[in-house]
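Participant: Have a peek at input.cif (mmCIF, C-alpha atoms and all ligand atoms).
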data_my_file
loop_
_atom_site.group_PDB
_atom_site.id
_atom_site.type_symbol
_atom_site.label_atom_id
_atom_site.label_comp_id
_atom_site.auth_asym_id
_atom_site.auth_seq_id
_atom_site.Cartn_x
_atom_site.Cartn_y
_atom_site.Cartn_z
ATOM 1 C CA MET A 1 25.098 -30.398 -16.681
ATOM 2 C CA PRO A 2 27.237 -27.275 -16.727
ATOM 3 C CA PHE A 3 26.593 -24.567 -19.320
ATOM 4 C CA ASP A 4 29.482 -23.399 -21.418
ATOM 5 C CA THR A 5 29.537 -20.408 -19.063
ATOM 6 C CA GLY A 6 30.714 -22.873 -16.446
ATOM 7 C CA ARG A 7 27.564 -22.260 -14.464
ATOM 8 C CA PRO A 8 25.644 -25.263 -13.198
ATOM 9 C CA GLU A 9 22.137 -25.902 -14.473
ATOM 10 C CA MET A 10 19.357 -26.429 -11.943
ATOM 11 C CA THR A 11 17.816 -29.877 -12.285
ATOM 12 C CA ALA A 12 14.049 -30.350 -12.049
ATOM 13 C CA GLU A 13 14.506 -32.010 -8.663
ATOM 14 C CA GLU A 14 16.697 -29.183 -7.344
ATOM 15 C CA PHE A 15 14.135 -26.671 -8.547
ATOM 16 C CA ARG A 16 11.346 -28.525 -6.714
ATOM 17 C CA LEU A 17 13.355 -28.709 -3.470
ATOM 18 C CA LEU A 18 14.380 -25.058 -3.550
ATOM 19 C CA ARG A 19 10.935 -23.849 -4.608
ATOM 20 C CA ASP A 20 9.206 -25.771 -1.792
ATOM 21 C CA PHE A 21 11.755 -24.583 0.738
ATOM 22 C CA VAL A 22 11.307 -20.935 -0.230
ATOM 23 C CA TYR A 23 7.533 -21.353 -0.216
ATOM 24 C CA ALA A 24 7.543 -22.855 3.282
ATOM 25 C CA TYR A 25 9.677 -19.987 4.542
ATOM 26 C CA CYS A 26 7.909 -16.951 3.087
ATOM 27 C CA GLY A 27 4.822 -18.066 1.131
ATOM 28 C CA ILE A 28 6.240 -16.901 -2.183
ATOM 29 C CA LEU A 29 5.467 -19.404 -4.886
ATOM 30 C CA VAL A 30 7.970 -19.606 -7.704
ATOM 31 C CA ARG A 31 5.943 -20.878 -10.639
ATOM 32 C CA ASP A 32 7.093 -23.912 -12.614
ATOM 33 C CA ASP A 33 7.832 -21.767 -15.648
ATOM 34 C CA MET A 34 10.213 -19.678 -13.541
ATOM 35 C CA LYS A 35 12.904 -22.313 -13.099
ATOM 36 C CA TYR A 36 15.244 -20.387 -15.335
ATOM 37 C CA VAL A 37 14.597 -17.154 -13.414
ATOM 38 C CA MET A 38 15.340 -18.910 -10.144
ATOM 39 C CA GLU A 39 18.476 -20.425 -11.579
ATOM 40 C CA ARG A 40 19.724 -17.075 -12.868
ATOM 41 C CA ARG A 41 18.965 -15.234 -9.647
ATOM 42 C CA LEU A 42 20.601 -17.852 -7.424
ATOM 43 C CA TRP A 43 23.770 -18.370 -9.490
ATOM 44 C CA PRO A 44 25.487 -15.419 -7.823
ATOM 45 C CA ARG A 45 24.816 -17.049 -4.436
ATOM 46 C CA LEU A 46 26.515 -20.278 -5.480
ATOM 47 C CA GLU A 47 29.417 -18.245 -6.755
ATOM 48 C CA ALA A 48 29.632 -16.178 -3.569
ATOM 49 C CA LEU A 49 29.659 -19.329 -1.426
ATOM 50 C CA GLY A 50 32.001 -21.278 -3.720
ATOM 51 C CA LEU A 51 29.432 -24.035 -4.331
ATOM 52 C CA THR A 52 29.356 -26.050 -7.526
ATOM 53 C CA ASP A 53 25.725 -27.115 -7.837
ATOM 54 C CA PHE A 54 22.221 -26.350 -6.588
ATOM 55 C CA SER A 55 21.914 -29.559 -4.527
ATOM 56 C CA THR A 56 24.829 -28.418 -2.397
ATOM 57 C CA TYR A 57 23.206 -24.988 -2.149
ATOM 58 C CA TYR A 58 19.946 -26.600 -1.005
ATOM 59 C CA ARG A 59 21.824 -28.551 1.688
ATOM 60 C CA TYR A 60 23.570 -25.332 2.710
ATOM 61 C CA LEU A 61 20.171 -23.624 3.144
ATOM 62 C CA ARG A 62 18.933 -26.508 5.270
ATOM 63 C CA PHE A 63 21.887 -27.399 7.431
ATOM 64 C CA ASP A 64 24.693 -24.835 7.425
ATOM 65 C CA ALA A 65 25.264 -22.656 10.494
ATOM 66 C CA GLN A 66 24.703 -19.614 8.252
ATOM 67 C CA ARG A 67 21.462 -21.017 6.822
ATOM 68 C CA ARG A 68 19.200 -18.372 8.318
ATOM 69 C CA SER A 69 20.952 -15.391 6.794
ATOM 70 C CA GLU A 70 21.525 -17.209 3.511
ATOM 71 C CA LEU A 71 17.820 -18.018 3.264
ATOM 72 C CA GLU A 72 17.052 -14.332 3.684
ATOM 73 C CA THR A 73 19.573 -13.491 0.961
ATOM 74 C CA ALA A 74 18.054 -16.101 -1.367
ATOM 75 C CA VAL A 75 14.534 -14.778 -0.796
ATOM 76 C CA GLU A 76 15.814 -11.289 -1.425
ATOM 77 C CA ALA A 77 17.190 -12.403 -4.766
ATOM 78 C CA LEU A 78 13.839 -13.951 -5.671
ATOM 79 C CA THR A 79 11.483 -11.155 -4.641
ATOM 80 C CA THR A 80 10.445 -7.964 -6.360
ATOM 81 C CA HIS A 81 10.749 -4.768 -4.376
ATOM 82 C CA GLU A 82 9.249 -2.444 -6.968
ATOM 83 C CA THR A 83 7.581 0.533 -5.276
ATOM 84 C CA TYR A 84 7.398 4.324 -5.405
ATOM 85 C CA PHE A 85 5.883 7.308 -3.596
ATOM 86 C CA PHE A 86 2.186 8.064 -4.126
ATOM 87 C CA ARG A 87 1.613 4.769 -5.928
ATOM 88 C CA GLU A 88 -2.026 4.154 -6.917
ATOM 89 C CA PRO A 89 -3.211 7.754 -6.472
ATOM 90 C CA ARG A 90 -6.923 6.982 -6.802
ATOM 91 C CA GLN A 91 -6.813 4.742 -3.754
ATOM 92 C CA LEU A 92 -4.729 7.265 -1.828
ATOM 93 C CA LYS A 93 -7.198 10.033 -2.647
ATOM 94 C CA ALA A 94 -10.082 7.873 -1.414
ATOM 95 C CA PHE A 95 -8.086 7.061 1.705
ATOM 96 C CA SER A 96 -7.392 10.731 2.400
ATOM 97 C CA GLU A 97 -10.834 12.081 1.594
ATOM 98 C CA GLU A 98 -13.091 9.280 2.765
ATOM 99 C CA VAL A 99 -11.250 7.001 5.195
ATOM 100 C CA LEU A 100 -9.281 9.533 7.215
ATOM 101 C CA PRO A 101 -12.388 11.561 8.201
ATOM 102 C CA VAL A 102 -13.928 8.337 9.556
ATOM 103 C CA LEU A 103 -10.792 7.505 11.512
ATOM 104 C CA GLU A 104 -10.624 11.056 12.823
ATOM 105 C CA ARG A 105 -14.167 10.792 14.195
ATOM 106 C CA ARG A 106 -13.675 7.310 15.564
ATOM 107 C CA ASN A 107 -10.431 8.092 17.385
ATOM 108 C CA ALA A 108 -11.360 11.619 18.464
ATOM 109 C CA ARG A 109 -11.114 10.608 22.113
ATOM 110 C CA SER A 110 -7.786 8.748 22.032
ATOM 111 C CA ARG A 111 -6.288 11.150 19.444
ATOM 112 C CA ARG A 112 -4.118 8.279 18.295
ATOM 113 C CA LEU A 113 -3.790 6.683 14.899
ATOM 114 C CA ARG A 114 -1.757 3.654 13.896
ATOM 115 C CA ILE A 115 -1.175 2.477 10.376
ATOM 116 C CA TRP A 116 0.765 -0.558 9.175
ATOM 117 C CA SER A 117 2.471 -0.817 5.798
ATOM 118 C CA ALA A 118 2.918 -4.598 5.469
ATOM 119 C CA GLY A 119 5.452 -5.480 2.763
ATOM 120 C CA CYS A 120 6.698 -1.902 2.717
ATOM 121 C CA SER A 121 9.781 -2.514 0.582
ATOM 122 C CA SER A 122 12.139 0.497 0.728
ATOM 123 C CA GLY A 123 9.659 2.644 2.647
ATOM 124 C CA GLU A 124 7.979 4.781 -0.016
ATOM 125 C CA GLU A 125 4.499 3.533 0.918
ATOM 126 C CA ALA A 126 4.931 4.127 4.655
ATOM 127 C CA TYR A 127 6.311 7.630 4.104
ATOM 128 C CA THR A 128 3.530 8.375 1.611
ATOM 129 C CA VAL A 129 0.933 7.482 4.253
ATOM 130 C CA ALA A 130 2.668 9.732 6.797
ATOM 131 C CA MET A 131 2.645 12.579 4.260
ATOM 132 C CA LEU A 132 -1.076 12.031 3.629
ATOM 133 C CA LEU A 133 -1.764 12.252 7.350
ATOM 134 C CA LEU A 134 0.095 15.564 7.537
ATOM 135 C CA GLU A 135 -1.467 16.807 4.315
ATOM 136 C CA SER A 136 -4.981 16.165 5.644
ATOM 137 C CA GLY A 137 -4.474 18.726 8.422
ATOM 138 C CA ARG A 138 -6.788 16.632 10.623
ATOM 139 C CA PHE A 139 -4.444 15.218 13.192
ATOM 140 C CA GLU A 140 -2.525 18.066 14.730
ATOM 141 C CA GLY A 141 -1.339 17.090 18.217
ATOM 142 C CA TRP A 142 -2.338 13.450 17.710
ATOM 143 C CA GLU A 143 -0.100 10.476 18.354
ATOM 144 C CA LEU A 144 0.540 9.239 14.820
ATOM 145 C CA GLU A 145 2.435 6.066 14.003
ATOM 146 C CA VAL A 146 3.122 4.466 10.675
ATOM 147 C CA HIS A 147 4.951 1.169 10.906
ATOM 148 C CA GLY A 148 6.527 -0.452 7.857
ATOM 149 C CA THR A 149 7.547 -4.112 7.821
ATOM 150 C CA ASP A 150 9.195 -6.303 5.223
ATOM 151 C CA ILE A 151 10.929 -9.657 4.987
ATOM 152 C CA SER A 152 13.970 -8.102 3.314
ATOM 153 C CA ARG A 153 16.513 -6.476 5.600
ATOM 154 C CA ARG A 154 18.183 -4.819 2.633
ATOM 155 C CA VAL A 155 15.103 -2.807 1.669
ATOM 156 C CA LEU A 156 14.425 -2.012 5.326
ATOM 157 C CA ASN A 157 17.877 -0.453 5.603
ATOM 158 C CA ALA A 158 17.074 1.698 2.576
ATOM 159 C CA ALA A 159 13.736 2.609 4.157
ATOM 160 C CA ARG A 160 15.421 3.730 7.371
ATOM 161 C CA LEU A 161 17.903 5.819 5.431
ATOM 162 C CA GLY A 162 14.969 7.521 3.706
ATOM 163 C CA GLU A 163 16.925 8.725 0.660
ATOM 164 C CA TYR A 164 15.567 8.330 -2.845
ATOM 165 C CA GLY A 165 16.240 8.996 -6.501
ATOM 166 C CA PRO A 166 14.084 9.849 -9.516
ATOM 167 C CA SER A 167 12.506 6.415 -9.964
ATOM 168 C CA ALA A 168 10.977 6.462 -6.465
ATOM 169 C CA LEU A 169 9.662 9.969 -7.111
ATOM 170 C CA ARG A 170 8.090 9.426 -10.511
ATOM 171 C CA SER A 171 4.575 9.941 -9.148
ATOM 172 C CA THR A 172 5.404 12.749 -6.708
ATOM 173 C CA SER A 173 4.164 16.235 -7.581
ATOM 174 C CA ALA A 174 6.534 19.202 -7.463
ATOM 175 C CA ASP A 175 4.730 20.751 -4.508
ATOM 176 C CA LYS A 176 4.885 17.522 -2.456
ATOM 177 C CA LEU A 177 8.542 17.234 -3.372
ATOM 178 C CA ALA A 178 9.159 20.731 -2.073
ATOM 179 C CA ARG A 179 7.073 20.179 1.067
ATOM 180 C CA TYR A 180 8.238 16.785 2.283
ATOM 181 C CA PHE A 181 11.785 16.244 0.975
ATOM 182 C CA VAL A 182 15.173 17.909 1.257
ATOM 183 C CA HIS A 183 17.885 17.729 -1.400
ATOM 184 C CA VAL A 184 20.958 15.783 -0.349
ATOM 185 C CA GLY A 185 22.783 15.487 -3.664
ATOM 186 C CA PRO A 186 22.323 15.567 -7.405
ATOM 187 C CA ASN A 187 19.103 13.667 -8.142
ATOM 188 C CA ARG A 188 18.898 12.583 -4.530
ATOM 189 C CA VAL A 189 16.428 13.663 -1.836
ATOM 190 C CA ARG A 190 15.754 12.667 1.758
ATOM 191 C CA VAL A 191 12.380 12.526 3.464
ATOM 192 C CA ARG A 192 12.024 15.474 5.846
ATOM 193 C CA ASP A 193 12.762 14.739 9.498
ATOM 194 C CA ASP A 194 9.252 15.411 10.815
ATOM 195 C CA VAL A 195 7.847 12.830 8.396
ATOM 196 C CA ARG A 196 10.586 10.362 9.300
ATOM 197 C CA ALA A 197 9.774 10.824 12.978
ATOM 198 C CA MET A 198 6.261 9.478 12.350
ATOM 199 C CA VAL A 199 7.497 6.314 10.667
ATOM 200 C CA SER A 200 9.303 3.260 12.031
ATOM 201 C CA PHE A 201 10.438 0.080 10.316
ATOM 202 C CA GLY A 202 10.831 -3.500 11.449
ATOM 203 C CA HIS A 203 11.602 -6.914 10.058
ATOM 204 C CA HIS A 204 8.640 -9.240 9.724
ATOM 205 C CA ASN A 205 7.856 -12.273 7.624
ATOM 206 C CA LEU A 206 4.122 -12.139 6.874
ATOM 207 C CA ARG A 207 4.221 -15.883 6.615
ATOM 208 C CA ASP A 208 5.228 -16.116 10.244
ATOM 209 C CA VAL A 209 1.813 -15.756 11.837
ATOM 210 C CA ASP A 210 3.114 -16.463 15.340
ATOM 211 C CA SER A 211 5.459 -13.499 15.517
ATOM 212 C CA VAL A 212 3.433 -10.368 16.036
ATOM 213 C CA PRO A 213 5.043 -7.343 14.440
ATOM 214 C CA LEU A 214 3.110 -4.680 16.352
ATOM 215 C CA ALA A 215 2.237 -4.407 20.011
ATOM 216 C CA SER A 216 -1.183 -2.821 19.415
ATOM 217 C CA ARG A 217 -3.852 -3.181 16.796
ATOM 218 C CA VAL A 218 -3.891 -0.759 13.900
ATOM 219 C CA ASP A 219 -6.564 1.428 12.311
ATOM 220 C CA ALA A 220 -5.549 0.623 8.753
ATOM 221 C CA VAL A 221 -3.237 -1.767 6.940
ATOM 222 C CA PHE A 222 -1.701 -1.160 3.554
ATOM 223 C CA CYS A 223 -0.728 -4.536 2.144
ATOM 224 C CA ARG A 224 -0.382 -3.679 -1.507
ATOM 225 C CA ASN A 225 1.272 -5.749 -4.193
ATOM 226 C CA VAL A 226 2.500 -8.372 -1.747
ATOM 227 C CA LEU A 227 -0.194 -11.061 -1.785
ATOM 228 C CA ILE A 228 0.189 -11.433 -5.546
ATOM 229 C CA TYR A 229 3.378 -13.396 -4.950
ATOM 230 C CA PHE A 230 1.669 -15.921 -2.642
ATOM 231 C CA ASP A 231 -0.599 -18.830 -3.494
ATOM 232 C CA ALA A 232 -4.127 -19.112 -2.064
ATOM 233 C CA PRO A 233 -3.354 -20.913 1.240
ATOM 234 C CA ALA A 234 -0.533 -18.466 2.026
ATOM 235 C CA ARG A 235 -2.779 -15.505 1.165
ATOM 236 C CA GLN A 236 -5.480 -16.824 3.473
ATOM 237 C CA ARG A 237 -3.061 -17.132 6.366
ATOM 238 C CA VAL A 238 -1.752 -13.604 5.824
ATOM 239 C CA LEU A 239 -5.283 -12.207 5.594
ATOM 240 C CA ARG A 240 -6.184 -13.822 8.907
ATOM 241 C CA LEU A 241 -3.139 -12.184 10.469
ATOM 242 C CA LEU A 242 -4.117 -8.783 9.043
ATOM 243 C CA TYR A 243 -7.672 -9.244 10.281
ATOM 244 C CA ASP A 244 -6.419 -9.994 13.778
ATOM 245 C CA LYS A 245 -4.164 -6.946 13.795
ATOM 246 C CA LEU A 246 -6.891 -4.526 12.690
ATOM 247 C CA VAL A 247 -9.220 -2.855 15.163
ATOM 248 C CA PRO A 248 -12.893 -3.619 14.459
ATOM 249 C CA GLY A 249 -13.881 -1.136 11.764
ATOM 250 C CA GLY A 250 -10.247 -0.879 10.605
ATOM 251 C CA TYR A 251 -9.422 -0.669 6.904
ATOM 252 C CA LEU A 252 -7.448 -2.985 4.631
ATOM 253 C CA MET A 253 -5.943 -1.426 1.519
ATOM 254 C CA LEU A 254 -4.849 -3.920 -1.134
ATOM 255 C CA GLY A 255 -3.112 -3.269 -4.453
ATOM 256 C CA HIS A 256 -5.366 -2.341 -7.372
ATOM 257 C CA SER A 257 -5.044 -5.780 -8.982
ATOM 258 C CA GLU A 258 -5.820 -7.659 -5.766
ATOM 259 C CA ASN A 259 -9.098 -8.679 -4.165
ATOM 260 C CA LEU A 260 -10.440 -11.083 -1.566
ATOM 261 C CA ILE A 261 -12.707 -13.117 -3.844
ATOM 262 C CA ASN A 262 -12.534 -16.784 -2.778
ATOM 263 C CA LEU A 263 -9.954 -15.909 -0.135
ATOM 264 C CA SER A 264 -11.656 -14.366 2.856
ATOM 265 C CA ALA A 265 -15.193 -13.660 3.973
ATOM 266 C CA ASP A 266 -13.954 -11.927 7.111
ATOM 267 C CA PHE A 267 -13.783 -8.453 5.611
ATOM 268 C CA GLU A 268 -16.583 -6.313 4.256
ATOM 269 C CA LEU A 269 -16.242 -4.490 0.964
ATOM 270 C CA VAL A 270 -16.723 -0.739 1.337
ATOM 271 C CA HIS A 271 -17.855 1.249 -1.694
ATOM 272 C CA LEU A 272 -16.259 4.646 -1.330
ATOM 273 C CA ARG A 273 -16.982 7.359 -3.896
ATOM 274 C CA GLY A 274 -13.472 7.067 -5.315
ATOM 275 C CA ASP A 275 -12.522 3.420 -4.780
ATOM 276 C CA LEU A 276 -13.339 0.075 -3.198
ATOM 277 C CA VAL A 277 -11.623 -0.844 0.049
ATOM 278 C CA TYR A 278 -12.003 -3.597 2.633
ATOM 279 C CA ARG A 279 -12.873 -3.205 6.287
ATOM 280 C CA ARG A 280 -12.901 -5.445 9.318
ATOM 281 C CA PRO A 281 -16.551 -5.362 10.431
ATOM 282 C CA GLU A 282 -17.318 -3.443 13.615
ATOM 283 C CA MET A 283 -18.856 -6.562 15.102
ATOM 284 C CA GLY A 284 -18.930 -10.247 14.262
ATOM 285 C CA GLY A 285 -17.423 -11.061 10.897
ATOM 286 C CA GLY A 286 -16.319 -14.470 9.796
ATOM 287 C CA GLY A 287 -13.528 -15.016 12.300
ATOM 288 C CA GLY A 288 -10.428 -13.545 13.879
ATOM 289 C CA THR A 289 -10.174 -12.535 17.495
HETATM 290 C C1 LIG B 1 6.340 -5.257 -4.908
HETATM 291 S S1 LIG B 1 6.820 -4.829 -3.304
HETATM 292 C C2 LIG B 1 5.424 -3.828 -2.808
HETATM 293 C C3 LIG B 1 5.829 -2.620 -2.007
HETATM 294 C C4 LIG B 1 4.674 -1.686 -1.602
HETATM 295 N N1 LIG B 1 3.735 -2.353 -0.726
HETATM 296 C C5 LIG B 1 3.971 -1.125 -2.814
HETATM 297 O O1 LIG B 1 2.875 -1.574 -3.134
HETATM 298 O O2 LIG B 1 4.519 -0.240 -3.451
HETATM 299 C C6 LIG B 1 6.548 -6.348 -2.411
HETATM 300 C C7 LIG B 1 7.290 -6.428 -1.079
HETATM 301 O O3 LIG B 1 6.771 -7.535 -0.325
HETATM 302 C C8 LIG B 1 7.837 -8.086 0.398
HETATM 303 N N2 LIG B 1 7.522 -9.462 0.808
HETATM 304 C C9 LIG B 1 7.469 -10.562 0.031
HETATM 305 N N3 LIG B 1 7.201 -11.648 0.775
HETATM 306 C C10 LIG B 1 7.076 -11.231 2.049
HETATM 307 C C11 LIG B 1 6.801 -11.884 3.277
HETATM 308 N N4 LIG B 1 6.598 -13.221 3.346
HETATM 309 N N5 LIG B 1 6.749 -11.132 4.399
HETATM 310 C C12 LIG B 1 6.952 -9.797 4.347
HETATM 311 N N6 LIG B 1 7.210 -9.121 3.212
HETATM 312 C C13 LIG B 1 7.275 -9.828 2.074
HETATM 313 C C14 LIG B 1 9.020 -8.018 -0.571
HETATM 314 O O4 LIG B 1 10.256 -8.087 0.118
HETATM 315 C C15 LIG B 1 8.782 -6.677 -1.255
HETATM 316 O O5 LIG B 1 9.518 -5.645 -0.654
#
Render the structure in this file as structure tokens.
Ligand SMILES: C[S@@+](CC[C@H](N)C(=O)[O-])C[C@H]1O[C@@H](n2cnc3c(N)ncnc32)[C@H](O)[C@@H]1O
Facilitator:
Amino acid sequence: MPFDTGRPEMTAEEFRLLRDFVYAYCGILVRDDMKYVMERRLWPRLEALGLTDFSTYYRYLRFDAQRRSELETAVEALTTHETYFFREPRQLKAFSEEVLPVLERRNARSRRLRIWSAGCSSGEEAYTVAMLLLESGRFEGWELEVHGTDISRRVLNAARLGEYGPSALRSTSADKLARYFVHVGPNRVRVRDDVRAMVSFGHHNLRDVDSVPLASRVDAVFCRNVLIYFDAPARQRVLRLLYDKLVPGGYLMLGHSENLINLSADFELVHLRGDLVYRRPEMGGGGGT
């Protein structure tokens, strides 16, 4: 039944179809009480495509020649990309002071370090990690790679551009701002070129466990504030993928409100002085390759 705005309402059946379709694609579960949110966020898509109701939109997503790109646009409209530089400082401090020395010792021979920011949004997390590597002063002359991936091509484009405003910098100290950014306009900075050179970005759907986003295994994964949008089976599949992509002894950094309780026994919990992190065991563990 149309609202007086002329916008179509989403029926319960349309909500179920669209919700299940989105879940199957990316693992993001739109809760039942979020029907209105879904409706509001997808209205502009119906308008853009000249469609009159959500059933037609659902059929478009399933069968139209443009379905792939439209599905990405729909998921974009439904996901949260909130992020900023130096988010969760306690964890970053523990990473710098307690994890990096371990990785330095372990990789002293190869002098190579690879870190994956999975669900990197517009790149702040990946660049933050690169800045921490530089800041540590431990890896001069090493081959350092930080790879950021996300399901949203829009945020990846922003990440590649590497330009940010005040909101992204709300947790960045003045000295880090001076050291790692250049001004490009009023209230606008760009990440310095040497930091950008350490970081690359690529499209990857964490739900797609068969497509491997990185050629080699990594020493640490940051997958922060991404799993919260998935339900338990989707989280378990993602965690298995992360396990497989970590070197034995590699670290998994989750968001501060996330943990592996009832989700995975593959990782061991590491009690650092400043924080708790997870690690793929050196040997054995519950699974993976
Ligand atoms: C809230 S942001 C977190 C950004 C950053 N990790 C942080 O903690 O600041 C969540 C990101 O996860 C991405 N995401 C959601 N589902 C995904 C999926 N199935 N595969 C890859 N990325 C996904 C979203 O596009 C979004 O950019």
Participant: Report, as JSON, the centre and edge lengths in Å (one decimal) of the axis-aligned box enclosing every listed atom of ligand LIG 1 (chain B), padded by 8 Å on each side.
Facilitator:
{"center_x": 6.6, "center_y": -6.7, "center_z": -0.3, "size_x": 23.4, "size_y": 29.0, "size_z": 25.3}
Participant: Apply the PyMOL selection byres (((chain A and resi 84) around 8) and not hetatm) to the displayed file and report the matching residues as a VMD selection string.
Facilitator: chain A and resid 82 to 83 85 to 87 124 to 125 167 to 171
Participant: Point out the residue among A:Ile228, A:Tyr57, A:Ser136, A:Arg40 with the least atom-to-atom distance to Phe95 (chain A), counting all atoms listed in the file.
Facilitator: A:Ser136
Participant: One decimal, Å: what's the distance from CA of Leu29 (chain A) over to CA of Thr73 (chain A), could you say?
Facilitator: 16.4 Å
Participant: What lies within 10 Å of Ala94 (chain A) using all atoms listed in the file, ignoring chain neighbours under 4 positions off, as number ranges by chain?
Facilitator: A: 89-90, 98-100, 272-277
Participant: Could you write out the selected residues, including C-alpha atoms, as a CSV table (one decimal), keeping the file's coordinate frame?
Facilitator:
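Saved to out-v1.csv:
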chain,number,residue,atom,x,y,z
A,89,PRO,CA,-3.2,7.8,-6.5
A,90,ARG,CA,-6.9,7.0,-6.8
A,98,GLU,CA,-13.1,9.3,2.8
A,99,VAL,CA,-11.2,7.0,5.2
A,100,LEU,CA,-9.3,9.5,7.2
A,272,LEU,CA,-16.3,4.6,-1.3
A,273,ARG,CA,-17.0,7.4,-3.9
A,274,GLY,CA,-13.5,7.1,-5.3
A,275,ASP,CA,-12.5,3.4,-4.8
A,276,LEU,CA,-13.3,0.1,-3.2
A,277,VAL,CA,-11.6,-0.8,0.0
Participant: Could you give me, as a compact mmCIF listing (two decimals) with C-alpha atoms, in the coordinates of the input, every polymer residue with an atom at most 6 Å away from an atom of ligand LIG 1 (chain B), counting all atoms listed in the file?
Facilitator:
# COMPACT_ATOMS: atom_id res chain seq x y z
CA CYS A 26 7.91 -16.95 3.09
CA GLY A 27 4.82 -18.07 1.13
CA THR A 79 11.48 -11.16 -4.64
CA THR A 80 10.44 -7.96 -6.36
CA HIS A 81 10.75 -4.77 -4.38
CA GLU A 82 9.25 -2.44 -6.97
CA THR A 83 7.58 0.53 -5.28
CA TYR A 84 7.40 4.32 -5.40
CA GLY A 119 5.45 -5.48 2.76
CA CYS A 120 6.70 -1.90 2.72
CA SER A 121 9.78 -2.51 0.58
CA GLU A 125 4.50 3.53 0.92
CA ASP A 150 9.20 -6.30 5.22
CA ILE A 151 10.93 -9.66 4.99
CA SER A 152 13.97 -8.10 3.31
CA HIS A 204 8.64 -9.24 9.72
CA ASN A 205 7.86 -12.27 7.62
CA LEU A 206 4.12 -12.14 6.87
CA ARG A 207 4.22 -15.88 6.62
CA CYS A 223 -0.73 -4.54 2.14
CA ARG A 224 -0.38 -3.68 -1.51
CA ASN A 225 1.27 -5.75 -4.19
CA VAL A 226 2.50 -8.37 -1.75
Participant: For Leu252 (chain A), which residue among A:Ile115, A:Ala159, A:Val212, A:Ala265 is the nearest when counting only C-alpha atoms?
Facilitator: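 Of all the options, A:Ile115 lies closest to Leu252 (chain A).
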Participant: Return as a PyMOL selection string the set of residues that the PyMOL selection byres (((chain A and resi 279) around 7) and not hetatm) yields on the displayed structure.
Facilitator: chain A and resi 249-252+267-270+277-278+280-281
Participant: Any chance you could resolve the PyMOL selection byres (((chain A and resi 113) around 6) and not hetatm) against this file and give the residues as a PyMOL selection string?
Facilitator: chain A and resi 112+114+144
Participant: Could you model N, CA, C and O atoms for region 96-105 of chain A and present them as an mmCIF file, in the coordinates of the input?
Facilitator:
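To be explicit, this is the file written out as rebuild.cif:
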data_model
loop_
_atom_site.group_PDB
_atom_site.id
_atom_site.type_symbol
_atom_site.label_atom_id
_atom_site.label_comp_id
_atom_site.auth_asym_id
_atom_site.auth_seq_id
_atom_site.Cartn_x
_atom_site.Cartn_y
_atom_site.Cartn_z
ATOM 1 N N SER A 96 -7.503 9.406 1.766
ATOM 2 C CA SER A 96 -7.392 10.731 2.400
ATOM 3 C C SER A 96 -8.758 11.376 2.607
ATOM 4 O O SER A 96 -9.046 11.921 3.666
ATOM 5 N N GLU A 97 -9.586 11.296 1.563
ATOM 6 C CA GLU A 97 -10.834 12.081 1.594
ATOM 7 C C GLU A 97 -11.983 11.347 2.264
ATOM 8 O O GLU A 97 -12.919 11.972 2.766
ATOM 9 N N GLU A 98 -11.935 10.001 2.252
ATOM 10 C CA GLU A 98 -13.091 9.280 2.765
ATOM 11 C C GLU A 98 -12.798 8.373 3.961
ATOM 12 O O GLU A 98 -13.661 8.147 4.786
ATOM 13 N N VAL A 99 -11.576 7.870 4.050
ATOM 14 C CA VAL A 99 -11.250 7.001 5.195
ATOM 15 C C VAL A 99 -10.754 7.844 6.373
ATOM 16 O O VAL A 99 -11.194 7.665 7.513
ATOM 17 N N LEU A 100 -9.850 8.759 6.108
ATOM 18 C CA LEU A 100 -9.281 9.533 7.215
ATOM 19 C C LEU A 100 -10.340 10.299 8.022
ATOM 20 O O LEU A 100 -10.249 10.334 9.258
ATOM 21 N N PRO A 101 -11.365 10.899 7.380
ATOM 22 C CA PRO A 101 -12.388 11.561 8.201
ATOM 23 C C PRO A 101 -13.095 10.587 9.162
ATOM 24 O O PRO A 101 -13.412 10.937 10.298
ATOM 25 N N VAL A 102 -13.291 9.341 8.686
ATOM 26 C CA VAL A 102 -13.928 8.337 9.556
ATOM 27 C C VAL A 102 -13.016 8.018 10.735
ATOM 28 O O VAL A 102 -13.439 7.973 11.893
ATOM 29 N N LEU A 103 -11.740 7.837 10.437
ATOM 30 C CA LEU A 103 -10.792 7.505 11.512
ATOM 31 C C LEU A 103 -10.644 8.670 12.482
ATOM 32 O O LEU A 103 -10.493 8.485 13.691
ATOM 33 N N GLU A 104 -10.721 9.874 11.953
ATOM 34 C CA GLU A 104 -10.624 11.056 12.823
ATOM 35 C C GLU A 104 -11.784 11.075 13.821
ATOM 36 O O GLU A 104 -11.592 11.280 15.022
ATOM 37 N N ARG A 105 -12.991 10.810 13.306
ATOM 38 C CA ARG A 105 -14.167 10.792 14.195
ATOM 39 C C ARG A 105 -14.059 9.654 15.198
ATOM 40 O O ARG A 105 -14.272 9.827 16.386
#
